[in-house]
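Encoded as C-alpha cells, the structure appears first; notes follow it.
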Amino acid sequence: MSLDPEVVRKDFPIFETRMRGKRLVYLDSANTSQKPRQVIERIVEFYEHENANIHRAVYELAERSTAAYEGARAKCAHFIAAPSPRSIVFTRGTTESINLVRYSWARANVREGDEVLVTEMEHHSNLVPWQLLTQESGATLRHLPVTDDGMLRMDLLGDYITDKTKLVCVGLMSNVLGTINPVRQLADAIHAMGGLILVDAAQAAPHMPVDVSELDADFLAFSSHKMCGPTGAGVLYGRERLLEEMPPFHGGGEMIREVFADHSTWNEIPHKFEAGTMNIAQAVGLGAAVDYLHSLGMDSVRAHEMELTAYALERLNAVGAEVHGPSDVDQRGGAISFNVADVHPHDLATIVDQEGVCIRAGHHCAQPLMRRLGVPATARASLYIYNTREDVDVLMGALEQAKGWFA
C-alpha cells in the first residue's frame, strides 16, 4: 500500500493555515509532528463522553475511562511488538522514560568501576541522565565515536563494550544525522558481556517499523508528540523481569498495594511506575495516533520518507548545501541537517520562514555532536507523512533567496 501525502494532508487541520499569506510548509516533525483530525477528535470525545479517573471507581464512567486508557497501552504494545501490555509504562515522554531507567534500574545496578556506553550522536536526553548517574556512582561514561559521514565506529566495538560495561544507551535513529544505528549488533555485543541496552526510539518509532524482539532491547522509549499524538505522553518498554525487580520511580497513589505507617508494598507492573493521576486523555490520544499510523502502514510510511529523503538530499546537494549524515537513504531517516556557506543556521531559518517554511536551527539538543562535526549549529529539515516534493521545492527556493541575501 503506497502513501499519498496529498491525501494524508487532508487529515491535518493545521495545513489549512496560511503563514504570511503562503502555504504552510512544515519541515520540523523531528521536533514535534502535527496532529491529524482523528487524534484531535478522539481526545475531545474522551473529555466529552468518558472523562473520569482510572482504576479507582466502580461506576460505569470510570470503567469506560479505564478501558480507554488500558486500551491505549495494548495498542502501544502491539505497535512495537512487545510481548505484553505489562511491559508498557506510560510516561510524559522519552526523556522521562530514560530518567526512570536511570533512577530505578541503574542506581541499583551501576557501581564504581562499571562503565556506561553512549554514542557521540546522542540527544541530551540520552546523555545527561547518564552523566548524572556516573557522577553519582563513580562509574565511567564512555562515548562510541562517529565517522565523518555520520555512522557509528562499529569497528571499535570490542574496545568500548567490555566486561565492565553495564549499560549501552543508543538512539535507534539520530535526530541530527538521520542515521539508523545497528542496534541489534550493539545488543548482541552487550548481552554477550552480561549487560543491558536501552534504545531511544523517539525519532525511529514515528517513521519505521519497530520490533523490540528483533532489536533484543531491554528498554526502549518513544514519545507521543513526534508520532501524530499529543504532548505529555510517552512510553517506556521494559522486559517484564527487569520491571518486576526495579524499585518505583515516584511514590504516591496507584503505585502501591498496601500502605502502613512505616512502609509500603508495591502494585504490580506497569502500575508500580505510574504514580498519581496519569495523563489519561493524552494516553488515549496516543492510542489514536497508533491507530492512525497503523491505518497508513509503517512500511508505507518508511517507503514514502525514503523516496522523499532521496529527493531532498539531491536538491540540497544541487544548491551547494553541506549535508551531515549518511547519503544512503537505506541507512538514514528524513531528519536532514545541513549548512549553507556564509549563512548562519538561525539566519537561514528566519529567512525561509518568510516563505512559510518551518525548519529548525540550532544544536538540536546534541552539543557534543556539533563539536564533533565542527559546527556551532545546523539547519534541519525533517520530513514526515504529510510532506511532498513541492514542500522540498519551496524550501530550495527559499534557500536560494537566503544565499542571495548573503552573497
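Naming scheme: A, B, ... for chains in displayed order of the C-alpha cells; residues 1 onward per chain; ligands 1 onward as shown.
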
Surrounding residues of Leu24 (chain A) excluding itself and chain neighbours under 4 positions, 12 Å, only C-alpha atoms, as a PyMOL selection string: chain A and resi 9+12-20+28+34+352-359+386-388+390-391+394-395

Distance query Ala366 (chain A) at most 7 Å, only C-alpha atoms, self and fewer than 2 positions along chain excluded, as a list in words: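 What passes the distance filter is Met121, Glu122, His123, His124, His363, His364, Pro368, Leu369 and Met370 of chain A.
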
8 Å contact set for region 252-259 of chain A, only C-alpha atoms, chain neighbours under 5 positions out, as a ChimeraX atom specification: /A:264-268,271-277

Region 82-205 of chain A: residues DSSP assigns to strand (DSSP E or B), reported as a ChimeraX atom specification: /A:88-91,115-119,140-144,146,152,165-171,173,179-180,196-200

Take the selection from the previous step and output its residues with C-alpha atoms, as a PDB file, in the first residue's frame.
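As a result, selection-v3.pdb now contains:
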ATOM      1  CA  ILE A  88       4.483  -0.853  28.687  1.00  0.00           C
ATOM      2  CA  VAL A  89       4.827   2.006  31.190  1.00  0.00           C
ATOM      3  CA  PHE A  90       3.210   5.327  30.359  1.00  0.00           C
ATOM      4  CA  THR A  91       5.380   8.392  30.994  1.00  0.00           C
ATOM      5  CA  GLU A 115      31.002   1.637  32.627  1.00  0.00           C
ATOM      6  CA  VAL A 116      28.033   3.080  30.741  1.00  0.00           C
ATOM      7  CA  LEU A 117      28.386   3.462  26.980  1.00  0.00           C
ATOM      8  CA  VAL A 118      26.613   6.136  24.943  1.00  0.00           C
ATOM      9  CA  THR A 119      27.430   7.392  21.440  1.00  0.00           C
ATOM     10  CA  THR A 140      32.743   5.764  33.928  1.00  0.00           C
ATOM     11  CA  LEU A 141      30.812   7.208  30.983  1.00  0.00           C
ATOM     12  CA  ARG A 142      32.228   6.347  27.557  1.00  0.00           C
ATOM     13  CA  HIS A 143      31.286   7.600  24.098  1.00  0.00           C
ATOM     14  CA  LEU A 144      31.380   5.426  20.974  1.00  0.00           C
ATOM     15  CA  VAL A 146      31.064   8.672  14.951  1.00  0.00           C
ATOM     16  CA  LEU A 152      28.976   4.669  14.441  1.00  0.00           C
ATOM     17  CA  THR A 165      30.054  -2.250  30.550  1.00  0.00           C
ATOM     18  CA  LYS A 166      26.737  -2.482  32.392  1.00  0.00           C
ATOM     19  CA  LEU A 167      24.564  -0.495  30.027  1.00  0.00           C
ATOM     20  CA  VAL A 168      24.596   0.707  26.415  1.00  0.00           C
ATOM     21  CA  CYS A 169      22.346   3.690  25.627  1.00  0.00           C
ATOM     22  CA  VAL A 170      21.764   4.421  21.962  1.00  0.00           C
ATOM     23  CA  GLY A 171      19.326   6.189  19.680  1.00  0.00           C
ATOM     24  CA  MET A 173      17.669   6.977  14.690  1.00  0.00           C
ATOM     25  CA  THR A 179      21.440   7.741  10.938  1.00  0.00           C
ATOM     26  CA  ILE A 180      19.690   4.435  11.658  1.00  0.00           C
ATOM     27  CA  LEU A 196      21.773  -4.332  29.075  1.00  0.00           C
ATOM     28  CA  ILE A 197      20.794  -1.989  26.262  1.00  0.00           C
ATOM     29  CA  LEU A 198      18.448   0.999  26.339  1.00  0.00           C
ATOM     30  CA  VAL A 199      17.122   2.235  22.989  1.00  0.00           C
ATOM     31  CA  ASP A 200      15.948   5.805  22.410  1.00  0.00           C
TER      32      ASP A 200
END

Taking only C-alpha atoms into account, produce a table as a tab-separated table in which each residue of region 362-388 of chain A with an atom at most 12 Å from an atom of region 341-349 of chain A appears once, together with its shortest atom pair and the distance in Å to one decimal, ordered by chain and rising number.
residue	atom	partner	partner_atom	distance
A:Gly362	CA	A:Pro345	CA	6.9
A:His363	CA	A:Pro345	CA	9.8
A:His364	CA	A:Pro345	CA	11.6
A:Val375	CA	A:His344	CA	10.2
A:Pro376	CA	A:His344	CA	9.1
A:Ala377	CA	A:Pro345	CA	6.5
A:Thr378	CA	A:Pro345	CA	5.5
A:Ala379	CA	A:Pro345	CA	4.9
A:Arg380	CA	A:Pro345	CA	8.6
A:Ala381	CA	A:Ala349	CA	9.8

Taking C-alpha atoms for each residue, export the selection above as an mmCIF file, in the first residue's frame.
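What ended up in again.cif:
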data_model
loop_
_atom_site.group_PDB
_atom_site.id
_atom_site.type_symbol
_atom_site.label_atom_id
_atom_site.label_comp_id
_atom_site.auth_asym_id
_atom_site.auth_seq_id
_atom_site.Cartn_x
_atom_site.Cartn_y
_atom_site.Cartn_z
ATOM 1 C CA GLY A 362 20.494 25.198 16.482
ATOM 2 C CA HIS A 363 22.352 22.358 18.166
ATOM 3 C CA HIS A 364 19.210 20.156 18.311
ATOM 4 C CA VAL A 375 29.944 23.499 13.563
ATOM 5 C CA PRO A 376 28.184 25.687 16.150
ATOM 6 C CA ALA A 377 24.770 24.744 14.794
ATOM 7 C CA THR A 378 22.958 23.349 11.771
ATOM 8 C CA ALA A 379 19.703 23.942 9.977
ATOM 9 C CA ARG A 380 17.438 20.894 9.945
ATOM 10 C CA ALA A 381 14.575 19.971 7.663
#

From A:Arg37, A:Leu243, A:Ile80, A:Val323, residue lying nearest Asp216 (chain A) [only C-alpha atoms]: A:Ile80

Between CA of Pro145 (chain A) and CA of Tyr160 (chain A), distance in Å (one decimal):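 One can read the CA of Pro145 (chain A) to CA of Tyr160 (chain A) distance as 9.7 Å.
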
Nearby residues (only C-alpha atoms) at most 7 Å from region 311-321 of chain A, same-chain spacing under 2 positions excluded, as a PyMOL selection string: chain A and resi 307-309+323+338-340+392

Write a file of the selected residues as a PDB file, in the first residue's frame, keeping C-alpha atoms.
ATOM      1  CA  GLU A 307      11.725   8.415  -1.543  1.00  0.00           C
ATOM      2  CA  LEU A 308      11.237  11.975  -0.300  1.00  0.00           C
ATOM      3  CA  THR A 309      14.551  11.988   1.585  1.00  0.00           C
ATOM      4  CA  VAL A 323      24.606  17.847   4.413  1.00  0.00           C
ATOM      5  CA  PHE A 338      22.737  20.939   6.722  1.00  0.00           C
ATOM      6  CA  ASN A 339      24.686  24.147   6.486  1.00  0.00           C
ATOM      7  CA  VAL A 340      24.793  26.771   3.745  1.00  0.00           C
ATOM      8  CA  VAL A 392      11.065  20.381  -0.703  1.00  0.00           C
TER       9      VAL A 392
END

Separation of CA of Val183 (chain A) from CA of Arg332 (chain A) in Å: 13.5 Å
